[in-house]
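Enquirer: Below is the file run-v9.pdb, with PDB, C-alpha atoms.
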ATOM      1  CA  MET K   1       0.000   0.000   0.000
ATOM      2  CA  ARG K   2       1.298   3.437  -0.930
ATOM      3  CA  THR K   3       0.511   6.608   0.975
ATOM      4  CA  LYS K   4       1.038  10.293   0.314
ATOM      5  CA  THR K   5       0.660  13.561   2.151
ATOM      6  CA  LEU K   6      -0.799  16.080  -0.273
ATOM      7  CA  ARG K   7      -1.948  19.667  -0.577
ATOM      8  CA  ILE K   8      -5.155  20.378  -2.465
ATOM      9  CA  PRO K   9      -5.635  23.826  -4.052
ATOM     10  CA  THR K  10      -8.953  25.419  -3.039
ATOM     11  CA  THR K  11     -10.531  28.835  -3.450
ATOM     12  CA  ASP K  12      -9.420  29.696   0.098
ATOM     13  CA  GLY K  13      -5.912  28.271   0.105
ATOM     14  CA  GLN K  14      -4.556  24.741   0.253
ATOM     15  CA  ALA K  15      -6.020  21.811   2.162
ATOM     16  CA  ASP K  16      -3.604  19.270   3.554
ATOM     17  CA  ALA K  17      -4.693  15.698   2.880
ATOM     18  CA  PHE K  18      -3.745  12.050   3.207
ATOM     19  CA  ALA K  19      -4.051   9.521   0.381
ATOM     20  CA  ALA K  20      -3.716   5.741   0.307
ATOM     21  CA  PHE K  21      -3.828   3.502  -2.759
ATOM     22  CA  PRO K  22      -2.632   0.080  -3.986
ATOM     23  CA  ASP K  23       1.061  -0.254  -4.710
ATOM     24  CA  HIS K  24       0.959  -1.132  -8.397
ATOM     25  CA  SER K  25       0.670   0.758 -11.649
ATOM     26  CA  GLU K  26      -3.013   0.227 -12.446
ATOM     27  CA  ARG K  27      -5.538   3.017 -12.024
ATOM     28  CA  HIS K  28      -8.181   2.638  -9.328
ATOM     29  CA  PRO K  29     -11.633   4.060  -8.572
ATOM     30  CA  GLY K  30     -11.500   7.141  -6.368
ATOM     31  CA  VAL K  31     -13.054   7.509  -2.932
ATOM     32  CA  LEU K  32     -13.256  10.805  -1.063
ATOM     33  CA  MET K  33     -13.317  10.112   2.686
ATOM     34  CA  TYR K  34     -14.392  12.813   5.135
ATOM     35  CA  ALA K  35     -13.049  12.407   8.661
ATOM     36  CA  ASP K  36     -15.105  12.869  11.800
ATOM     37  CA  GLY K  37     -14.770  16.054  13.840
ATOM     38  CA  PHE K  38     -11.530  14.872  15.423
ATOM     39  CA  GLY K  39      -9.914  15.017  11.997
ATOM     40  CA  ILE K  40      -7.033  13.215  10.306
ATOM     41  CA  ARG K  41      -5.122  11.061  12.792
ATOM     42  CA  PRO K  42      -3.707   7.522  12.940
ATOM     43  CA  VAL K  43      -7.084   5.768  13.044
ATOM     44  CA  LEU K  44      -8.305   7.626   9.926
ATOM     45  CA  ARG K  45      -5.093   6.826   8.090
ATOM     46  CA  ALA K  46      -5.514   3.161   9.032
ATOM     47  CA  MET K  47      -9.100   3.136   7.761
ATOM     48  CA  ALA K  48      -8.022   4.760   4.504
ATOM     49  CA  ARG K  49      -5.277   2.158   4.069
ATOM     50  CA  GLU K  50      -7.704  -0.673   4.760
ATOM     51  CA  LEU K  51     -10.150   0.638   2.178
ATOM     52  CA  ALA K  52      -7.337   1.180  -0.312
ATOM     53  CA  GLY K  53      -6.392  -2.455   0.170
ATOM     54  CA  HIS K  54      -9.660  -3.379  -1.538
ATOM     55  CA  GLY K  55      -8.580  -1.615  -4.728
ATOM     56  CA  TYR K  56      -9.419   2.070  -4.218
ATOM     57  CA  TYR K  57      -7.577   5.372  -4.206
ATOM     58  CA  VAL K  58      -8.710   6.988  -0.954
ATOM     59  CA  LEU K  59      -8.313  10.724  -0.350
ATOM     60  CA  VAL K  60      -8.834  12.109   3.167
ATOM     61  CA  PRO K  61      -8.777  15.945   3.295
ATOM     62  CA  ASN K  62      -8.421  18.109   6.372
ATOM     63  CA  SER K  63     -11.844  19.775   6.317
ATOM     64  CA  PHE K  64     -10.707  22.522   8.690
ATOM     65  CA  TYR K  65      -7.547  23.509   6.808
ATOM     66  CA  ARG K  66      -8.511  27.203   6.966
ATOM     67  CA  HIS K  67      -7.475  27.085  10.616
ATOM     68  CA  GLY K  68      -4.194  25.240   9.983
ATOM     69  CA  PRO K  69      -2.866  21.781   9.105
ATOM     70  CA  ALA K  70      -4.017  18.651  10.898
ATOM     71  CA  PRO K  71      -3.965  17.969  13.767
ATOM     72  CA  LEU K  72      -5.589  21.254  14.746
ATOM     73  CA  VAL K  73      -5.937  20.301  18.389
ATOM     74  CA  GLU K  74      -3.785  18.067  20.514
ATOM     75  CA  LEU K  75      -5.479  14.680  20.732
ATOM     76  CA  PRO K  76      -4.645  11.905  23.170
ATOM     77  CA  GLU K  77      -4.013   8.435  21.764
ATOM     78  CA  TYR K  78      -7.349   7.396  23.291
ATOM     79  CA  ILE K  79     -10.273   9.819  23.406
ATOM     80  CA  GLY K  80     -12.222   8.882  26.507
ATOM     81  CA  GLU K  81     -15.086  10.552  28.310
ATOM     82  CA  GLU K  82     -12.774  12.424  30.636
ATOM     83  CA  VAL K  83     -11.064  14.361  27.821
ATOM     84  CA  ARG K  84     -13.944  14.591  25.342
ATOM     85  CA  PRO K  85     -15.504  17.850  26.675
ATOM     86  CA  ALA K  86     -12.214  19.745  26.537
ATOM     87  CA  VAL K  87     -11.443  18.466  23.044
ATOM     88  CA  PHE K  88     -14.887  19.378  21.729
ATOM     89  CA  ALA K  89     -14.645  22.828  23.275
ATOM     90  CA  GLN K  90     -11.731  23.419  20.900
ATOM     91  CA  LEU K  91     -13.296  21.690  17.902
ATOM     92  CA  MET K  92     -16.824  23.113  17.930
ATOM     93  CA  PRO K  93     -15.817  26.607  16.729
ATOM     94  CA  LEU K  94     -14.081  24.982  13.743
ATOM     95  CA  ILE K  95     -17.117  22.834  12.942
ATOM     96  CA  GLU K  96     -19.494  25.789  13.286
ATOM     97  CA  ALA K  97     -17.309  27.914  10.994
ATOM     98  CA  HIS K  98     -17.396  25.233   8.288
ATOM     99  CA  THR K  99     -20.598  26.397   6.629
ATOM    100  CA  ALA K 100     -22.512  24.583   3.909
ATOM    101  CA  GLU K 101     -21.070  27.054   1.412
ATOM    102  CA  ARG K 102     -17.544  26.149   2.467
ATOM    103  CA  VAL K 103     -18.326  22.441   2.314
ATOM    104  CA  LEU K 104     -19.539  22.752  -1.279
ATOM    105  CA  SER K 105     -16.679  24.996  -2.395
ATOM    106  CA  ASP K 106     -14.170  22.551  -0.945
ATOM    107  CA  ALA K 107     -16.008  19.567  -2.416
ATOM    108  CA  ASP K 108     -15.505  21.034  -5.887
ATOM    109  CA  ALA K 109     -11.771  21.274  -5.232
ATOM    110  CA  TYR K 110     -11.464  17.837  -3.622
ATOM    111  CA  LEU K 111     -13.266  16.034  -6.449
ATOM    112  CA  ARG K 112     -11.362  17.928  -9.126
ATOM    113  CA  PHE K 113      -8.088  16.980  -7.422
ATOM    114  CA  LEU K 114      -9.120  13.362  -6.852
ATOM    115  CA  THR K 115     -10.222  12.721 -10.414
ATOM    116  CA  THR K 116      -7.029  14.159 -11.899
ATOM    117  CA  GLN K 117      -4.606  12.033  -9.873
ATOM    118  CA  PRO K 118      -2.556   9.722 -12.128
ATOM    119  CA  GLU K 119      -3.469   6.696  -9.982
ATOM    120  CA  VAL K 120      -7.236   7.306 -10.305
ATOM    121  CA  GLY K 121      -9.189   5.797 -13.165
ATOM    122  CA  ALA K 122     -11.816   7.465 -15.277
ATOM    123  CA  GLY K 123     -15.407   7.090 -14.181
ATOM    124  CA  PRO K 124     -17.504   7.897 -11.156
ATOM    125  CA  VAL K 125     -16.254   8.201  -7.593
ATOM    126  CA  ALA K 126     -17.664   7.494  -4.156
ATOM    127  CA  VAL K 127     -17.815   9.635  -1.042
ATOM    128  CA  THR K 128     -17.903   8.399   2.536
ATOM    129  CA  GLY K 129     -17.912  10.221   5.834
ATOM    130  CA  TYR K 130     -18.028   9.797   9.588
ATOM    131  CA  CYS K 131     -19.880  11.912  12.158
ATOM    132  CA  ILE K 132     -20.017  15.473  10.766
ATOM    133  CA  GLY K 133     -18.107  14.132   7.773
ATOM    134  CA  GLY K 134     -21.182  12.079   6.938
ATOM    135  CA  LEU K 135     -23.122  15.291   6.389
ATOM    136  CA  TYR K 136     -20.280  16.667   4.253
ATOM    137  CA  ALA K 137     -20.370  13.446   2.208
ATOM    138  CA  MET K 138     -24.101  13.749   1.582
ATOM    139  CA  ARG K 139     -23.768  17.399   0.582
ATOM    140  CA  THR K 140     -20.942  16.525  -1.785
ATOM    141  CA  ALA K 141     -22.927  13.730  -3.434
ATOM    142  CA  ALA K 142     -25.984  15.942  -3.850
ATOM    143  CA  ALA K 143     -23.926  18.725  -5.432
ATOM    144  CA  HIS K 144     -22.168  16.379  -7.873
ATOM    145  CA  PRO K 145     -24.775  13.932  -9.185
ATOM    146  CA  ASP K 146     -22.851  13.362 -12.416
ATOM    147  CA  HIS K 147     -19.641  12.337 -10.649
ATOM    148  CA  VAL K 148     -20.622  10.605  -7.398
ATOM    149  CA  ALA K 149     -22.050   7.109  -7.845
ATOM    150  CA  ALA K 150     -22.137   6.087  -4.185
ATOM    151  CA  VAL K 151     -22.222   7.823  -0.811
ATOM    152  CA  ALA K 152     -22.038   6.316   2.661
ATOM    153  CA  ALA K 153     -22.408   8.125   5.973
ATOM    154  CA  PHE K 154     -21.855   6.626   9.415
ATOM    155  CA  HIS K 155     -23.155   8.068  12.686
ATOM    156  CA  GLY K 156     -23.629  11.410  10.927
ATOM    157  CA  PRO K 157     -26.332  14.127  11.165
ATOM    158  CA  VAL K 158     -27.498  13.357   7.639
ATOM    159  CA  GLY K 159     -31.036  14.651   8.071
ATOM    160  CA  VAL K 160     -30.009  18.236   8.807
ATOM    161  CA  ASP K 161     -30.587  19.482   5.254
ATOM    162  CA  GLY K 162     -33.742  17.419   4.823
ATOM    163  CA  ALA K 163     -35.704  16.828   1.650
ATOM    164  CA  ASN K 164     -33.966  19.622  -0.235
ATOM    165  CA  LEU K 165     -30.730  17.634  -0.143
ATOM    166  CA  PHE K 166     -32.319  14.232  -0.738
ATOM    167  CA  SER K 167     -34.064  15.442  -3.899
ATOM    168  CA  LYS K 168     -30.673  16.128  -5.512
ATOM    169  CA  LEU K 169     -29.168  12.706  -4.854
ATOM    170  CA  THR K 170     -28.611  10.279  -7.706
ATOM    171  CA  ALA K 171     -25.925   8.221  -5.964
ATOM    172  CA  GLN K 172     -26.620   4.925  -4.249
ATOM    173  CA  VAL K 173     -26.723   5.659  -0.520
ATOM    174  CA  HIS K 174     -25.949   3.768   2.665
ATOM    175  CA  LEU K 175     -26.620   5.327   6.060
ATOM    176  CA  GLY K 176     -25.359   3.548   9.165
ATOM    177  CA  HIS K 177     -26.880   5.115  12.267
ATOM    178  CA  ALA K 178     -25.819   4.709  15.868
ATOM    179  CA  GLU K 179     -28.485   3.275  18.104
ATOM    180  CA  GLY K 180     -27.727   6.097  20.526
ATOM    181  CA  ASP K 181     -28.417   8.726  17.830
ATOM    182  CA  MET K 182     -31.540   7.435  16.126
ATOM    183  CA  THR K 183     -34.826   6.060  17.438
ATOM    184  CA  PRO K 184     -36.796   3.615  15.281
ATOM    185  CA  GLU K 185     -39.447   6.301  14.853
ATOM    186  CA  ALA K 186     -36.906   8.861  13.637
ATOM    187  CA  LEU K 187     -35.416   6.250  11.304
ATOM    188  CA  GLY K 188     -38.848   5.630   9.817
ATOM    189  CA  GLU K 189     -39.337   9.339   9.163
ATOM    190  CA  LEU K 190     -35.888   9.669   7.581
ATOM    191  CA  ASN K 191     -36.446   6.674   5.350
ATOM    192  CA  GLN K 192     -39.854   7.970   4.289
ATOM    193  CA  ALA K 193     -38.185  11.218   3.199
ATOM    194  CA  LEU K 194     -35.620   9.239   1.208
ATOM    195  CA  ASP K 195     -38.407   7.201  -0.388
ATOM    196  CA  ALA K 196     -40.308  10.356  -1.308
ATOM    197  CA  ALA K 197     -37.194  11.748  -2.987
ATOM    198  CA  GLY K 198     -36.730   8.567  -5.019
ATOM    199  CA  VAL K 199     -33.313   7.808  -3.551
ATOM    200  CA  GLY K 200     -31.785   4.352  -3.928
ATOM    201  CA  TYR K 201     -30.607   3.604  -0.420
ATOM    202  CA  THR K 202     -30.178   1.398   2.606
ATOM    203  CA  SER K 203     -30.552   3.050   5.992
ATOM    204  CA  GLU K 204     -30.351   1.190   9.272
ATOM    205  CA  ILE K 205     -29.559   1.437  12.945
ATOM    206  CA  TYR K 206     -26.485  -0.554  13.941
ATOM    207  CA  PRO K 207     -27.461  -2.508  17.092
ATOM    208  CA  GLY K 208     -25.721  -1.719  20.346
ATOM    209  CA  THR K 209     -23.830   1.311  19.045
ATOM    210  CA  ILE K 210     -23.398   4.887  20.183
ATOM    211  CA  HIS K 211     -22.244   7.962  18.288
ATOM    212  CA  GLY K 212     -18.724   7.495  16.940
ATOM    213  CA  PHE K 213     -18.821   3.694  16.917
ATOM    214  CA  THR K 214     -16.429   3.286  13.956
ATOM    215  CA  MET K 215     -13.523   5.030  15.659
ATOM    216  CA  SER K 216     -11.266   2.611  17.530
ATOM    217  CA  ASP K 217      -9.380   5.394  19.330
ATOM    218  CA  THR K 218     -12.487   6.515  21.242
ATOM    219  CA  ASP K 219     -14.633   5.111  24.015
ATOM    220  CA  ALA K 220     -17.556   5.004  21.562
ATOM    221  CA  PHE K 221     -15.918   2.228  19.546
ATOM    222  CA  SER K 222     -17.871  -0.908  18.711
ATOM    223  CA  ALA K 223     -15.996  -3.754  17.028
ATOM    224  CA  SER K 224     -19.275  -5.208  15.750
ATOM    225  CA  GLY K 225     -20.348  -1.785  14.503
ATOM    226  CA  LEU K 226     -17.100  -1.303  12.600
ATOM    227  CA  LYS K 227     -17.397  -4.748  11.043
ATOM    228  CA  ARG K 228     -20.970  -4.013   9.966
ATOM    229  CA  HIS K 229     -19.707  -0.738   8.476
ATOM    230  CA  TRP K 230     -17.212  -2.626   6.271
ATOM    231  CA  ASP K 231     -19.834  -5.259   5.428
ATOM    232  CA  ARG K 232     -22.086  -2.498   4.086
ATOM    233  CA  LEU K 233     -19.498  -0.152   2.579
ATOM    234  CA  LEU K 234     -17.459  -2.583   0.500
ATOM    235  CA  PRO K 235     -20.387  -4.108  -1.463
ATOM    236  CA  LEU K 236     -21.740  -0.607  -2.081
ATOM    237  CA  LEU K 237     -18.452   0.510  -3.590
ATOM    238  CA  ASP K 238     -17.901  -2.727  -5.487
ATOM    239  CA  GLY K 239     -21.362  -2.515  -7.011
ATOM    240  CA  THR K 240     -21.114   1.099  -8.123
ATOM    241  CA  LEU K 241     -17.437   1.599  -8.956
ATOM    242  CA  ALA K 242     -16.283  -1.804 -10.230
ATOM    243  CA  SER K 243     -16.556  -0.800 -13.878
ATOM    244  CA  SER K 244     -14.347   2.276 -13.369
TER     245      SER K 244
END
Once you've parsed the file, please lay out its structure as structure tokens.

Expert:
Amino acid sequence: MRTKTLRIPTTDGQADAFAAFPDHSERHPGVLMYADGFGIRPVLRAMARELAGHGYYVLVPNSFYRHGPAPLVELPEYIGEEVRPAVFAQLMPLIEAHTAERVLSDADAYLRFLTTQPEVGAGPVAVTGYCIGGLYAMRTAAAHPDHVAAVAAFHGPVGVDGANLFSKLTAQVHLGHAEGDMTPEALGELNQALDAAGVGYTSEIYPGTIHGFTMSDTDAFSASGLKRHWDRLLPLLDGTLASS
């Protein structure tokens, strides 16, 4: 597996990013991966490498590059309950400053960069995201229906933009919700909105999980939840990007 540290030109500067891809000369389908609010760190690099091992070029940008390169705050190796409030106190201003307009402007730059990399094949791409990155992934897919064939969001606030966003989606969608974030009633309402918009999707609550369950460096981690995430994500990507 090859990895690179990159800088992506944007309208507001340059975003630092991490990329992982198979170590041979063939071109591979591209995947844009949005990190959770904690940002690029060893666990995100490991997840990108694991996904790349299945035949994809995976690009992970620092969404908050306007405030500096990652890591923007000092993170412990393990993010437990005792340090979480102090970490979020530093991160929330960055998240709040990252408006929908900034997300979409950056998405243009990220996809343009991704699709012009020499290791990335022609054809559609996929977008995946975690926590707040799940919302960024959905916004990116909705804004680029001609380029994004699949989008997956895990424990993310994907319903924030509502039907207006769903109506623009043409990508195949998977939403993996934490049991601690989503009641069955709320899931039913979300899925009804997706149905009404004509979206091709799967959307489910992962049993026994809380917000952040994919991240092994936090106390929210669920090994079964992470496995279910891979069991859903890989077939989605294989089914939509295999031809590219």

Enquirer: Could you give me, as a ChimeraX atom specification, the residues within 9 Å of segment 64-71 of chain K, counting only C-alpha atoms and dropping anything in the same chain fewer than 5 positions from it?

Expert: /K:12-17,38-41,94-95,97-98

Enquirer: Do you know which residues are at most 10 Å from Leu114 of chain K counting only C-alpha atoms, after dropping those on the same chain fewer than 5 positions away, and could you put them as a PyMOL selection string?

Expert: chain K and resi 8+19+29-32+57-59+109+119-121+125

Enquirer: Pick out the closest residue to Gly159 of chain K from this set: K:Glu185, K:Tyr110, K:Ala46, K:Leu194. Count only C-alpha atoms.

Expert: K:Leu194

Enquirer: Convert the output of the PyMOL selection byres ((chain K and resi 209) around 12) on the shown file into explicit residues, formatted as a ChimeraX atom specification.

Expert: /K:154-155,176-182,204-208,210-215,219-229

Enquirer: Compare K:Ser216, K:Ser105, K:Thr240, K:Thr170 by their minimum atom-to-atom distance to Leu44 of chain K, counting all atoms listed in the file, and give me the closest one.

Expert: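 Among the listed residues, K:Ser216 lies closest to Leu44 of chain K.
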
Enquirer: Residues within 12 Å of Glu189 of chain K, please, as an MDAnalysis selection string. Count all atoms listed in the file; anything in the same chain fewer than 6 positions from it doesn't count.

Expert: chainID K and resid 159 162:163 182:183 195:196 203

Enquirer: Please save C-alpha atoms of the selected residues as a PDB file, keeping the file's coordinate frame.

Expert:
ATOM      1  CA  GLY K 159     -31.036  14.651   8.071  1.00  0.00           C
ATOM      2  CA  GLY K 162     -33.742  17.419   4.823  1.00  0.00           C
ATOM      3  CA  ALA K 163     -35.704  16.828   1.650  1.00  0.00           C
ATOM      4  CA  MET K 182     -31.540   7.435  16.126  1.00  0.00           C
ATOM      5  CA  THR K 183     -34.826   6.060  17.438  1.00  0.00           C
ATOM      6  CA  ASP K 195     -38.407   7.201  -0.388  1.00  0.00           C
ATOM      7  CA  ALA K 196     -40.308  10.356  -1.308  1.00  0.00           C
ATOM      8  CA  SER K 203     -30.552   3.050   5.992  1.00  0.00           C
TER       9      SER K 203
END

Enquirer: Go through K:Leu6, K:Val173, K:Cys131, K:Val199 and flag the residue nearest Asp36 of chain K, using all atoms listed in the file for the distances.

Expert: K:Cys131

Enquirer: Considering all atoms listed in the file, can you say which of K:His28, K:Arg45, K:Arg102, K:Arg84 comes closest to Pro124 of chain K?

Expert: K:His28

Enquirer: Nearest residue to Thr140 of chain K out of K:Asp231, K:Asp161, K:Asp108, K:Glu50, using all atoms listed in the file?

Expert: K:Asp108

Enquirer: Distance atom CA of Val151 of chain K-atom CA of Phe21 of chain K, one decimal place?

Expert: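 Computing it gives 19.0 Å between the two atoms.
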
Enquirer: What's the separation between atom CA of Leu175 of chain K and atom CA of Thr218 of chain K, in Å to one decimal place?

Expert: 20.8 Å

Enquirer: Give the answer as one residue: which of K:Ala186, K:Ala86, K:Leu135, K:Val148 has the shortest atom-to-atom distance to Leu111 of chain K, using all atoms listed in the file?

Expert: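 Closest candidate: K:Val148.
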
Enquirer: Atom CA of Asp238 of chain K and atom CA of Arg112 of chain K are how many Å apart?

Expert: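 Result for atom CA of Asp238 of chain K versus atom CA of Arg112 of chain K: 22.0 Å, one decimal.
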
Enquirer: May I have the residues within 12 Å of Asn164 of chain K as a PDB file with C-alpha atoms, in the coordinates of the input, using all atoms listed in the file and disregarding those fewer than 3 positions away in the same chain?

Expert:
ATOM      1  CA  MET K 138     -24.101  13.749   1.582  1.00  0.00           C
ATOM      2  CA  ARG K 139     -23.768  17.399   0.582  1.00  0.00           C
ATOM      3  CA  ALA K 142     -25.984  15.942  -3.850  1.00  0.00           C
ATOM      4  CA  ALA K 143     -23.926  18.725  -5.432  1.00  0.00           C
ATOM      5  CA  VAL K 158     -27.498  13.357   7.639  1.00  0.00           C
ATOM      6  CA  GLY K 159     -31.036  14.651   8.071  1.00  0.00           C
ATOM      7  CA  VAL K 160     -30.009  18.236   8.807  1.00  0.00           C
ATOM      8  CA  ASP K 161     -30.587  19.482   5.254  1.00  0.00           C
ATOM      9  CA  SER K 167     -34.064  15.442  -3.899  1.00  0.00           C
ATOM     10  CA  LYS K 168     -30.673  16.128  -5.512  1.00  0.00           C
ATOM     11  CA  LEU K 169     -29.168  12.706  -4.854  1.00  0.00           C
ATOM     12  CA  ALA K 193     -38.185  11.218   3.199  1.00  0.00           C
ATOM     13  CA  LEU K 194     -35.620   9.239   1.208  1.00  0.00           C
ATOM     14  CA  ALA K 196     -40.308  10.356  -1.308  1.00  0.00           C
ATOM     15  CA  ALA K 197     -37.194  11.748  -2.987  1.00  0.00           C
TER      16      ALA K 197
END

Enquirer: Could you list, as a list in words, every residue within 8 Å of Leu236 of chain K, counting only C-alpha atoms and ignoring same-chain residues fewer than 2 positions away?

Expert: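 Counting only C-alpha atoms, the residues come to Ala150, Gln172, His174, Arg232, Leu233, Leu234, Asp238, Gly239 and Thr240 of chain K.
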